[in-house]
file entry-v2.tsv (TSV, C-alpha atoms and all ligand atoms)
chain	number	residue	atom	x	y	z
A	12	MET	CA	57.34	75.66	-27.99
A	13	LEU	CA	60.21	76.60	-30.29
A	14	LEU	CA	61.08	73.07	-31.26
A	15	PRO	CA	64.32	72.22	-33.00
A	16	GLY	CA	63.61	71.14	-36.57
A	17	TYR	CA	60.43	73.19	-36.94
A	18	ARG	CA	60.91	76.16	-39.21
A	19	SER	CA	57.51	77.76	-39.01
A	20	ILE	CA	54.88	77.66	-36.31
A	21	TRP	CA	51.41	79.11	-35.97
A	22	SER	CA	49.89	79.77	-32.60
A	23	LEU	CA	46.99	81.70	-31.23
A	24	ILE	CA	48.53	83.82	-28.52
A	25	CYS	CA	46.19	86.45	-27.13
A	26	LYS	CA	43.28	88.73	-27.82
A	27	THR	CA	43.34	92.20	-29.25
A	28	GLN	CA	41.84	95.19	-27.51
A	29	GLU	CA	39.70	96.22	-30.47
A	30	GLN	CA	37.91	93.02	-31.35
A	31	SER	CA	37.45	90.65	-28.50
A	32	PHE	CA	36.31	87.78	-30.73
A	33	ARG	CA	39.49	87.84	-32.70
A	34	SER	CA	42.99	87.02	-31.70
A	35	VAL	CA	46.48	87.89	-32.52
A	36	VAL	CA	47.87	84.90	-34.27
A	37	ALA	CA	51.60	84.57	-34.37
A	38	ARG	CA	53.79	83.14	-37.00
A	39	VAL	CA	57.21	82.19	-35.73
A	40	SER	CA	59.45	81.64	-38.67
A	41	PHE	CA	62.94	81.68	-40.09
A	42	TYR	CA	61.73	83.31	-43.26
A	43	GLU	CA	62.52	87.01	-43.29
A	44	ASN	CA	60.60	87.94	-46.40
A	45	TRP	CA	57.15	87.11	-45.11
A	46	GLN	CA	54.55	89.94	-45.29
A	47	GLN	CA	53.47	90.80	-41.79
A	48	SER	CA	51.91	93.52	-39.72
A	49	VAL	CA	54.48	93.43	-36.93
A	50	ARG	CA	57.92	91.93	-36.94
A	51	THR	CA	60.16	91.54	-33.93
A	52	PRO	CA	63.61	90.00	-34.08
A	53	SER	CA	63.79	87.52	-31.26
A	54	LEU	CA	66.33	85.23	-29.68
A	55	LEU	CA	68.18	82.60	-31.67
A	56	GLY	CA	67.44	84.21	-35.01
A	57	TRP	CA	63.71	83.45	-34.87
A	58	ILE	CA	61.36	86.00	-36.31
A	59	LEU	CA	58.05	86.62	-34.58
A	60	ALA	CA	55.28	88.11	-36.66
A	61	VAL	CA	51.76	88.74	-35.48
A	62	GLN	CA	48.59	88.98	-37.48
A	63	ILE	CA	44.94	89.45	-36.59
A	64	GLY	CA	42.72	86.61	-37.65
A	65	ASP	CA	39.74	84.42	-37.00
A	66	ALA	CA	40.69	80.87	-36.05
A	67	GLN	CA	37.77	79.60	-38.13
A	68	ALA	CA	39.17	81.21	-41.30
A	69	LEU	CA	42.91	81.58	-40.85
A	70	PRO	CA	44.65	84.22	-42.98
A	71	PHE	CA	47.42	81.85	-44.09
A	72	GLU	CA	48.13	79.73	-47.13
A	73	SER	CA	47.57	75.99	-47.02
A	74	GLY	CA	50.54	73.84	-46.00
A	75	SER	CA	52.64	76.80	-44.84
A	76	PHE	CA	53.54	75.72	-41.27
A	77	ASP	CA	55.50	72.85	-39.73
A	78	PHE	CA	53.75	73.04	-36.37
A	79	VAL	CA	50.36	74.50	-35.47
A	80	PHE	CA	49.06	74.81	-31.93
A	81	CYS	CA	46.47	76.58	-29.87
A	82	ARG	CA	45.58	76.65	-26.20
A	83	PHE	CA	42.29	77.47	-24.45
A	84	LEU	CA	40.61	78.48	-27.69
A	85	MET	CA	38.27	75.65	-28.70
A	86	GLU	CA	36.15	76.11	-25.57
A	87	TYR	CA	34.92	79.45	-27.00
A	88	LEU	CA	34.45	78.75	-30.70
A	89	PRO	CA	31.05	78.21	-32.31
A	90	ASP	CA	32.57	76.02	-35.04
A	91	LYS	CA	35.26	73.94	-33.38
A	92	GLN	CA	35.52	71.38	-36.19
A	93	ARG	CA	36.10	74.11	-38.74
A	94	ALA	CA	38.84	75.63	-36.57
A	95	VAL	CA	40.68	72.30	-36.26
A	96	GLU	CA	40.32	71.80	-40.02
A	97	GLU	CA	41.82	75.24	-40.54
A	98	MET	CA	44.78	74.27	-38.35
A	99	VAL	CA	45.22	71.12	-40.45
A	100	ARG	CA	44.88	73.09	-43.69
A	101	ILE	CA	47.71	75.52	-42.87
A	102	CYS	CA	49.97	72.68	-41.67
A	103	ARG	CA	52.23	70.88	-44.16
A	104	VAL	CA	51.90	67.15	-44.76
A	105	GLY	CA	53.90	65.42	-42.02
A	106	GLY	CA	53.64	68.49	-39.77
A	107	LYS	CA	52.25	68.43	-36.23
A	108	ILE	CA	49.10	69.88	-34.70
A	109	LEU	CA	48.73	70.36	-30.95
A	110	LEU	CA	45.64	71.46	-29.03
A	111	GLN	CA	45.20	72.10	-25.32
A	112	ASP	CA	41.93	72.76	-23.58
A	113	LEU	CA	40.24	72.28	-20.25
A	114	ASP	CA	37.55	69.91	-19.08
A	115	GLY	CA	35.41	70.82	-16.09
A	116	GLN	CA	36.54	74.42	-15.73
A	117	LEU	CA	33.96	76.47	-13.73
A	118	VAL	CA	31.67	73.50	-13.20
A	119	TRP	CA	33.42	70.86	-11.06
A	120	HIS	CA	33.08	71.47	-7.33
A	121	SER	CA	32.57	69.29	-4.28
A	122	PRO	CA	30.56	69.43	-2.11
A	123	GLU	CA	28.15	71.23	-4.40
A	124	ASP	CA	26.52	74.48	-3.34
A	125	PRO	CA	23.11	73.79	-4.95
A	126	GLU	CA	22.25	77.45	-5.61
A	127	LEU	CA	25.68	78.19	-7.06
A	128	GLN	CA	25.67	75.00	-9.12
A	129	GLN	CA	22.26	75.84	-10.56
A	130	THR	CA	23.48	79.30	-11.56
A	131	ILE	CA	26.67	77.86	-13.08
A	132	GLU	CA	24.61	75.48	-15.19
A	133	ARG	CA	22.28	78.28	-16.21
A	134	VAL	CA	25.23	80.43	-17.31
A	135	ALA	CA	26.87	77.50	-19.13
A	136	ASN	CA	23.61	76.64	-20.93
A	137	ARG	CA	23.08	80.23	-22.03
A	138	LEU	CA	26.67	80.60	-23.18
A	139	ALA	CA	26.48	77.34	-25.14
A	140	SER	CA	24.78	79.31	-27.94
A	141	THR	CA	27.98	81.36	-28.32
A	142	GLY	CA	30.07	78.18	-28.63
A	143	PHE	CA	31.20	78.01	-24.98
A	144	ASP	CA	31.75	74.44	-23.81
A	145	PRO	CA	33.35	73.74	-20.40
A	146	PHE	CA	33.73	70.07	-21.42
A	147	VAL	CA	35.60	70.67	-24.66
A	148	GLY	CA	38.77	68.96	-23.40
A	149	ARG	CA	37.34	65.46	-23.83
A	150	LYS	CA	36.14	66.39	-27.34
A	151	LEU	CA	39.55	67.33	-28.76
A	152	PHE	CA	40.37	63.73	-29.68
A	153	ASN	CA	37.28	63.36	-31.86
A	154	LEU	CA	37.74	66.81	-33.41
A	155	CYS	CA	41.25	65.74	-34.46
A	156	PHE	CA	40.02	62.34	-35.64
A	157	GLU	CA	37.30	63.90	-37.80
A	158	ALA	CA	39.87	66.32	-39.24
A	159	GLY	CA	41.79	63.26	-40.47
A	160	LEU	CA	44.87	63.52	-38.25
A	161	ALA	CA	47.10	60.47	-37.84
A	162	GLU	CA	49.05	59.25	-34.78
A	163	ILE	CA	46.74	61.09	-32.39
A	164	LYS	CA	48.05	61.18	-28.83
A	165	VAL	CA	46.07	62.27	-25.78
A	166	GLN	CA	47.37	63.32	-22.37
A	167	ILE	CA	45.41	64.47	-19.32
A	168	ASP	CA	46.90	66.49	-16.47
A	169	PRO	CA	45.33	68.21	-13.48
A	170	TYR	CA	44.96	71.94	-14.10
A	171	HIS	CA	42.85	73.75	-11.50
A	172	LEU	CA	43.05	72.13	-8.10
A	173	TYR	CA	41.93	74.07	-5.04
A	174	ALA	CA	41.45	71.86	-1.99
A	175	GLY	CA	40.44	74.25	0.78
A	176	THR	CA	40.84	78.01	0.77
A	177	ILE	CA	42.24	79.20	-2.55
A	178	ALA	CA	45.60	81.05	-2.53
A	179	GLU	CA	45.35	84.85	-2.95
A	180	ASP	CA	47.19	84.94	-6.29
A	181	GLN	CA	44.84	82.32	-7.73
A	182	LEU	CA	41.83	84.19	-6.36
A	183	ASP	CA	43.06	87.33	-8.16
A	184	LEU	CA	43.13	85.37	-11.42
A	185	TRP	CA	39.53	84.22	-10.93
A	186	GLN	CA	38.46	87.75	-10.07
A	187	THR	CA	39.96	88.96	-13.34
A	188	LYS	CA	38.45	86.10	-15.31
A	189	LEU	CA	34.97	86.76	-13.90
A	190	ALA	CA	35.35	90.52	-14.47
A	191	ILE	CA	36.15	89.83	-18.14
A	192	ALA	CA	33.13	87.53	-18.36
A	193	LYS	CA	30.80	90.07	-16.68
A	194	PRO	CA	29.02	91.27	-19.85
A	195	GLN	CA	28.29	87.64	-20.74
A	196	LEU	CA	27.17	86.90	-17.17
A	197	GLU	CA	24.82	89.89	-17.26
A	198	LYS	CA	23.29	88.60	-20.48
A	199	ALA	CA	22.99	85.07	-19.17
A	200	LEU	CA	21.57	86.05	-15.77
A	201	GLY	CA	19.48	89.03	-16.85
A	202	SER	CA	20.97	91.88	-14.79
A	203	ASP	CA	24.08	93.53	-13.43
A	204	GLU	CA	22.94	92.72	-9.90
A	205	ALA	CA	22.57	89.01	-10.65
A	206	ALA	CA	26.02	88.92	-12.29
A	207	VAL	CA	27.62	90.58	-9.23
A	208	LYS	CA	25.81	88.19	-6.88
A	209	TYR	CA	26.97	85.15	-8.87
A	210	THR	CA	30.56	86.42	-8.95
A	211	GLU	CA	30.57	86.98	-5.17
A	212	ARG	CA	29.10	83.55	-4.50
A	213	PHE	CA	31.63	81.88	-6.80
A	214	LEU	CA	34.60	83.65	-5.20
A	215	GLY	CA	33.14	82.97	-1.75
A	216	TYR	CA	32.99	79.27	-2.60
A	217	LEU	CA	36.68	79.28	-3.61
A	218	ARG	CA	37.56	80.93	-0.29
A	219	ARG	CA	35.87	78.23	1.79
A	220	PRO	CA	38.17	75.86	3.73
A	221	ASP	CA	35.91	72.84	3.11
A	222	THR	CA	35.53	72.84	-0.69
A	223	LEU	CA	37.33	71.32	-3.64
A	224	THR	CA	37.36	72.82	-7.16
A	225	TYR	CA	39.17	71.18	-10.04
A	226	SER	CA	39.55	70.78	-13.81
A	227	CYS	CA	41.71	68.74	-16.20
A	228	LEU	CA	43.97	69.82	-19.03
A	229	PHE	CA	43.72	67.76	-22.21
A	230	THR	CA	46.71	67.86	-24.56
A	231	VAL	CA	46.01	66.28	-27.93
A	232	SER	CA	48.50	66.09	-30.78
A	233	GLY	CA	48.50	64.53	-34.23
A	234	THR	CA	50.27	64.45	-37.57
A	235	LYS	CA	48.91	65.61	-40.91
A	236	PRO	CA	48.98	62.47	-43.06
A	237	ALA	CA	50.14	62.29	-46.67
A	238	ARG	CA	46.60	61.60	-47.86
A	239	SER	CA	44.95	64.33	-45.84
A	240	LYS	CA	41.44	65.18	-47.02
A	241	ILE	CA	42.07	68.82	-46.00
B	301	LIG	C1	41.27	82.00	-22.80
B	301	LIG	S1	41.99	82.98	-24.05
B	301	LIG	C2	43.43	82.00	-24.39
B	301	LIG	C3	44.61	82.86	-24.77
B	301	LIG	C4	45.93	82.09	-25.02
B	301	LIG	N1	45.83	81.18	-26.15
B	301	LIG	C5	46.40	81.35	-23.82
B	301	LIG	O1	46.62	80.15	-23.89
B	301	LIG	O2	46.55	81.98	-22.77
B	301	LIG	C6	40.94	82.65	-25.42
B	301	LIG	C7	41.27	83.50	-26.61
B	301	LIG	O3	40.51	83.05	-27.73
B	301	LIG	C8	40.27	84.18	-28.54
B	301	LIG	N2	39.22	83.89	-29.51
B	301	LIG	C9	37.91	83.71	-29.30
B	301	LIG	N3	37.27	83.47	-30.47
B	301	LIG	C10	38.22	83.49	-31.46
B	301	LIG	C11	38.19	83.33	-32.87
B	301	LIG	N4	37.05	83.08	-33.52
B	301	LIG	N5	39.35	83.40	-33.55
B	301	LIG	C12	40.50	83.63	-32.91
B	301	LIG	N6	40.58	83.80	-31.58
B	301	LIG	C13	39.46	83.74	-30.86
B	301	LIG	C14	39.93	85.28	-27.55
B	301	LIG	O4	40.12	86.54	-28.12
B	301	LIG	C15	40.92	84.98	-26.42
B	301	LIG	O5	42.09	85.71	-26.58
call {"tool": "encode", "arguments": {"input": "entry-v2.tsv", "output": "structure tokens"}}
result
Amino acid sequence: MLLPGYRSIWSLICKTQEQSFRSVVARVSFYENWQQSVRTPSLLGWILAVQIGDAQALPFESGSFDFVFCRFLMEYLPDKQRAVEEMVRICRVGGKILLQDLDGQLVWHSPEDPELQQTIERVANRLASTGFDPFVGRKLFNLCFEAGLAEIKVQIDPYHLYAGTIAEDQLDLWQTKLAIAKPQLEKALGSDEAAVKYTERFLGYLRRPDTLTYSCLFTVSGTKPARSKI
């Protein structure tokens, strides 16, 4: 994502160990005098700085980045519109915003296992109160529109696609993902036992030779217009 012509970029890159609801946000910049918590000289003269922050209240000045992007974040945020507006706020006029998120993750399977599907919907409904939305991909366009972006472009690509027994390396990823989500699953399903049972059933479904699981990746980009309201 280090694009020629862009001098400063903001991106949400990963979570911290201490506060799972917050992320390390990175500022990639040519400017050497920027105050930062960590600074690492990187290739091609770029400077990478990282800073802890909440995407719904970014710790950066307005108009200070040429390019702002985030991936797989909106699906978890309680206030998605505010987060997109924050991305627009820290972007300069004429700068670009890019968001990527999934649609259908966890929930799209065929043929459906009725018991599993019911549990998935129960979990998704319970997690909705935390901001979780497995169908956020399709909503990115409107979030960008409401934030006043111009020249909005939308692209959809397949992301998860398991037709038949899932490959071992992919299964490992799902195991990890479900292990991370276990505290939430316990809350949603009421007990440790129920969370373990759901996890086993989900992984068992992915191992089946007769099932298809899929999701789509939405990539939405736009430009901050001269008369931005934000
Ligand atoms: C699925 S991970 C995506 C990580 C990375 N962006 C990527 O593409 O692989 C979602 C990340 O969102 C972070 N997150 C959740 N709520 C947040 C918030 N309010 N502000 C900033 N980050 C948040 C989590 O800590 C987690 O690291």
call {"tool": "closest_residue", "arguments": {"input": "entry-v2.tsv", "among": "A:Glu197, A:Glu72, A:Glu97, A:Glu157", "to": "ligand LIG 301 (chain B)", "atoms": "only C-alpha atoms and all ligand atoms"}}
result
A:Glu97
call {"tool": "atom_distance", "arguments": {"input": "entry-v2.tsv", "atom1": "atom CA of A:Gln195", "atom2": "atom CA of A:Leu138"}}
result
7.6 Å
call {"tool": "closest_residue", "arguments": {"input": "entry-v2.tsv", "among": "A:Ala68, A:Val147, A:Ala199, A:Ile191", "to": "A:Phe83", "atoms": "only C-alpha atoms"}}
result
A:Val147
call {"tool": "closest_residue", "arguments": {"input": "entry-v2.tsv", "among": "A:Leu200, A:Val79, A:Val99, A:Leu113", "to": "A:Ala135", "atoms": "all atoms listed in the file"}}
result
A:Leu200
call {"tool": "closest_residue", "arguments": {"input": "entry-v2.tsv", "among": "A:Val104, A:Ala190, A:Ile167, A:Cys81", "to": "ligand LIG 301 (chain B)", "atoms": "only C-alpha atoms and all ligand atoms"}}
result
A:Cys81
call {"tool": "atom_distance", "arguments": {"input": "entry-v2.tsv", "atom1": "atom CA of A:Pro89", "atom2": "atom CA of A:Arg238"}}
result
27.6 Å
call {"tool": "axis_aligned_box", "arguments": {"input": "entry-v2.tsv", "around": "ligand LIG 301 (chain B)", "padding_each_side": "5 Å", "output": "lines of an AutoDock Vina configuration file"}}
result
center_x = 41.8
center_y = 83.3
center_z = -28.2
size_x = 19.6
size_y = 16.4
size_z = 20.8
call {"tool": "closest_atom_pairs", "arguments": {"input": "entry-v2.tsv", "of": "stretch 55-171 of chain A", "to": "stretch 216-233 of chain A", "cutoff": "6 Å", "atoms": "only C-alpha atoms", "output": "CSV"}}
result
residue,atom,partner,partner_atom,distance
A:Lys107,CA,A:Gly233,CA,5.8
A:Ile108,CA,A:Gly233,CA,5.4
A:Leu109,CA,A:Ser232,CA,4.3
A:Leu110,CA,A:Val231,CA,5.3
A:Gln111,CA,A:Thr230,CA,4.6
A:Asp112,CA,A:Phe229,CA,5.5
A:Leu113,CA,A:Leu228,CA,4.6
A:Asp114,CA,A:Cys227,CA,5.2
A:Gly115,CA,A:Ser226,CA,4.7
A:Gln116,CA,A:Ser226,CA,5.1
A:Trp119,CA,A:Tyr225,CA,5.8
A:His120,CA,A:Thr224,CA,4.5
A:Ser121,CA,A:Leu223,CA,5.2
A:Gly148,CA,A:Phe229,CA,5.2
A:Leu160,CA,A:Gly233,CA,5.5
A:Ala161,CA,A:Gly233,CA,5.6
A:Glu162,CA,A:Gly233,CA,5.3
A:Ile163,CA,A:Gly233,CA,4.3
A:Lys164,CA,A:Ser232,CA,5.3
A:Val165,CA,A:Val231,CA,4.6
A:Gln166,CA,A:Thr230,CA,5.1
A:Ile167,CA,A:Phe229,CA,4.7
A:Asp168,CA,A:Leu228,CA,5.1
A:Pro169,CA,A:Cys227,CA,4.6
A:Tyr170,CA,A:Cys227,CA,5.0
A:His171,CA,A:Tyr225,CA,4.7
call {"tool": "atom_distance", "arguments": {"input": "entry-v2.tsv", "atom1": "atom CA of A:Asp65", "atom2": "atom N6 of ligand LIG 301 (chain B)"}}
result
5.5 Å
call {"tool": "build_atoms", "arguments": {"input": "entry-v2.tsv", "residues": "stretch 135-171 of chain A", "atoms": "N, CA and C atoms", "output": "PDB file, in the frame of the given file"}}
result
ATOM      1  N   ALA A 135      26.248  78.354 -18.107  1.00  0.00           N
ATOM      2  CA  ALA A 135      26.870  77.500 -19.130  1.00  0.00           C
ATOM      3  C   ALA A 135      25.880  77.199 -20.256  1.00  0.00           C
ATOM      4  N   ASN A 136      24.622  76.938 -19.899  1.00  0.00           N
ATOM      5  CA  ASN A 136      23.610  76.640 -20.930  1.00  0.00           C
ATOM      6  C   ASN A 136      23.369  77.833 -21.835  1.00  0.00           C
ATOM      7  N   ARG A 137      23.305  79.025 -21.216  1.00  0.00           N
ATOM      8  CA  ARG A 137      23.080  80.230 -22.030  1.00  0.00           C
ATOM      9  C   ARG A 137      24.267  80.515 -22.944  1.00  0.00           C
ATOM     10  N   LEU A 138      25.477  80.303 -22.384  1.00  0.00           N
ATOM     11  CA  LEU A 138      26.670  80.600 -23.180  1.00  0.00           C
ATOM     12  C   LEU A 138      26.931  79.555 -24.265  1.00  0.00           C
ATOM     13  N   ALA A 139      26.274  78.403 -24.136  1.00  0.00           N
ATOM     14  CA  ALA A 139      26.480  77.340 -25.140  1.00  0.00           C
ATOM     15  C   ALA A 139      26.135  77.857 -26.536  1.00  0.00           C
ATOM     16  N   SER A 140      25.169  78.802 -26.616  1.00  0.00           N
ATOM     17  CA  SER A 140      24.780  79.310 -27.940  1.00  0.00           C
ATOM     18  C   SER A 140      25.895  80.139 -28.574  1.00  0.00           C
ATOM     19  N   THR A 141      26.853  80.608 -27.757  1.00  0.00           N
ATOM     20  CA  THR A 141      27.980  81.360 -28.320  1.00  0.00           C
ATOM     21  C   THR A 141      29.132  80.427 -28.716  1.00  0.00           C
ATOM     22  N   GLY A 142      29.008  79.142 -28.336  1.00  0.00           N
ATOM     23  CA  GLY A 142      30.070  78.180 -28.630  1.00  0.00           C
ATOM     24  C   GLY A 142      30.766  77.703 -27.362  1.00  0.00           C
ATOM     25  N   PHE A 143      30.487  78.357 -26.214  1.00  0.00           N
ATOM     26  CA  PHE A 143      31.200  78.010 -24.980  1.00  0.00           C
ATOM     27  C   PHE A 143      30.874  76.584 -24.534  1.00  0.00           C
ATOM     28  N   ASP A 144      31.930  75.831 -24.242  1.00  0.00           N
ATOM     29  CA  ASP A 144      31.750  74.440 -23.810  1.00  0.00           C
ATOM     30  C   ASP A 144      32.793  74.117 -22.746  1.00  0.00           C
ATOM     31  N   PRO A 145      32.374  74.025 -21.463  1.00  0.00           N
ATOM     32  CA  PRO A 145      33.350  73.740 -20.400  1.00  0.00           C
ATOM     33  C   PRO A 145      33.858  72.296 -20.439  1.00  0.00           C
ATOM     34  N   PHE A 146      33.273  71.457 -21.320  1.00  0.00           N
ATOM     35  CA  PHE A 146      33.730  70.070 -21.420  1.00  0.00           C
ATOM     36  C   PHE A 146      34.391  69.792 -22.775  1.00  0.00           C
ATOM     37  N   VAL A 147      35.006  70.826 -23.328  1.00  0.00           N
ATOM     38  CA  VAL A 147      35.600  70.670 -24.660  1.00  0.00           C
ATOM     39  C   VAL A 147      36.847  69.794 -24.629  1.00  0.00           C
ATOM     40  N   GLY A 148      37.530  69.732 -23.485  1.00  0.00           N
ATOM     41  CA  GLY A 148      38.770  68.960 -23.400  1.00  0.00           C
ATOM     42  C   GLY A 148      38.609  67.544 -23.920  1.00  0.00           C
ATOM     43  N   ARG A 149      37.562  66.860 -23.454  1.00  0.00           N
ATOM     44  CA  ARG A 149      37.340  65.460 -23.830  1.00  0.00           C
ATOM     45  C   ARG A 149      36.970  65.316 -25.312  1.00  0.00           C
ATOM     46  N   LYS A 150      36.592  66.451 -25.945  1.00  0.00           N
ATOM     47  CA  LYS A 150      36.140  66.390 -27.340  1.00  0.00           C
ATOM     48  C   LYS A 150      37.269  66.612 -28.352  1.00  0.00           C
ATOM     49  N   LEU A 151      38.442  67.007 -27.842  1.00  0.00           N
ATOM     50  CA  LEU A 151      39.550  67.330 -28.760  1.00  0.00           C
ATOM     51  C   LEU A 151      39.968  66.116 -29.586  1.00  0.00           C
ATOM     52  N   PHE A 152      39.946  64.937 -28.940  1.00  0.00           N
ATOM     53  CA  PHE A 152      40.370  63.730 -29.680  1.00  0.00           C
ATOM     54  C   PHE A 152      39.504  63.547 -30.917  1.00  0.00           C
ATOM     55  N   ASN A 153      38.172  63.599 -30.727  1.00  0.00           N
ATOM     56  CA  ASN A 153      37.280  63.360 -31.860  1.00  0.00           C
ATOM     57  C   ASN A 153      37.380  64.461 -32.911  1.00  0.00           C
ATOM     58  N   LEU A 154      37.572  65.701 -32.455  1.00  0.00           N
ATOM     59  CA  LEU A 154      37.740  66.810 -33.410  1.00  0.00           C
ATOM     60  C   LEU A 154      38.951  66.531 -34.311  1.00  0.00           C
ATOM     61  N   CYS A 155      40.039  66.046 -33.686  1.00  0.00           N
ATOM     62  CA  CYS A 155      41.250  65.740 -34.460  1.00  0.00           C
ATOM     63  C   CYS A 155      41.029  64.533 -35.360  1.00  0.00           C
ATOM     64  N   PHE A 156      40.313  63.548 -34.844  1.00  0.00           N
ATOM     65  CA  PHE A 156      40.020  62.340 -35.640  1.00  0.00           C
ATOM     66  C   PHE A 156      39.217  62.716 -36.881  1.00  0.00           C
ATOM     67  N   GLU A 157      38.170  63.513 -36.670  1.00  0.00           N
ATOM     68  CA  GLU A 157      37.300  63.900 -37.800  1.00  0.00           C
ATOM     69  C   GLU A 157      38.051  64.774 -38.805  1.00  0.00           C
ATOM     70  N   ALA A 158      39.084  65.476 -38.326  1.00  0.00           N
ATOM     71  CA  ALA A 158      39.870  66.320 -39.240  1.00  0.00           C
ATOM     72  C   ALA A 158      40.917  65.488 -39.978  1.00  0.00           C
ATOM     73  N   GLY A 159      40.940  64.171 -39.719  1.00  0.00           N
ATOM     74  CA  GLY A 159      41.790  63.260 -40.470  1.00  0.00           C
ATOM     75  C   GLY A 159      43.224  63.158 -39.987  1.00  0.00           C
ATOM     76  N   LEU A 160      43.491  63.602 -38.751  1.00  0.00           N
ATOM     77  CA  LEU A 160      44.870  63.520 -38.250  1.00  0.00           C
ATOM     78  C   LEU A 160      45.280  62.072 -37.980  1.00  0.00           C
ATOM     79  N   ALA A 161      46.565  61.803 -38.127  1.00  0.00           N
ATOM     80  CA  ALA A 161      47.100  60.470 -37.840  1.00  0.00           C
ATOM     81  C   ALA A 161      47.904  60.533 -36.539  1.00  0.00           C
ATOM     82  N   GLU A 162      48.205  59.382 -35.989  1.00  0.00           N
ATOM     83  CA  GLU A 162      49.050  59.250 -34.780  1.00  0.00           C
ATOM     84  C   GLU A 162      48.581  60.175 -33.662  1.00  0.00           C
ATOM     85  N   ILE A 163      47.282  60.170 -33.402  1.00  0.00           N
ATOM     86  CA  ILE A 163      46.740  61.090 -32.390  1.00  0.00           C
ATOM     87  C   ILE A 163      47.119  60.603 -30.993  1.00  0.00           C
ATOM     88  N   LYS A 164      47.673  61.518 -30.220  1.00  0.00           N
ATOM     89  CA  LYS A 164      48.050  61.180 -28.830  1.00  0.00           C
ATOM     90  C   LYS A 164      47.278  62.078 -27.887  1.00  0.00           C
ATOM     91  N   VAL A 165      46.859  61.505 -26.747  1.00  0.00           N
ATOM     92  CA  VAL A 165      46.070  62.270 -25.780  1.00  0.00           C
ATOM     93  C   VAL A 165      46.745  62.167 -24.412  1.00  0.00           C
ATOM     94  N   GLN A 166      46.828  63.300 -23.744  1.00  0.00           N
ATOM     95  CA  GLN A 166      47.370  63.320 -22.370  1.00  0.00           C
ATOM     96  C   GLN A 166      46.423  64.132 -21.502  1.00  0.00           C
ATOM     97  N   ILE A 167      46.231  63.697 -20.265  1.00  0.00           N
ATOM     98  CA  ILE A 167      45.410  64.470 -19.320  1.00  0.00           C
ATOM     99  C   ILE A 167      46.254  64.800 -18.100  1.00  0.00           C
ATOM    100  N   ASP A 168      46.203  66.058 -17.689  1.00  0.00           N
ATOM    101  CA  ASP A 168      46.900  66.490 -16.470  1.00  0.00           C
ATOM    102  C   ASP A 168      45.943  67.308 -15.623  1.00  0.00           C
ATOM    103  N   PRO A 169      46.151  67.312 -14.300  1.00  0.00           N
ATOM    104  CA  PRO A 169      45.330  68.210 -13.480  1.00  0.00           C
ATOM    105  C   PRO A 169      45.671  69.658 -13.842  1.00  0.00           C
ATOM    106  N   TYR A 170      44.681  70.538 -13.817  1.00  0.00           N
ATOM    107  CA  TYR A 170      44.960  71.940 -14.100  1.00  0.00           C
ATOM    108  C   TYR A 170      44.563  72.802 -12.904  1.00  0.00           C
ATOM    109  N   HIS A 171      43.267  73.085 -12.741  1.00  0.00           N
ATOM    110  CA  HIS A 171      42.850  73.750 -11.500  1.00  0.00           C
ATOM    111  C   HIS A 171      42.754  72.700 -10.406  1.00  0.00           C
TER     112      HIS A 171
END
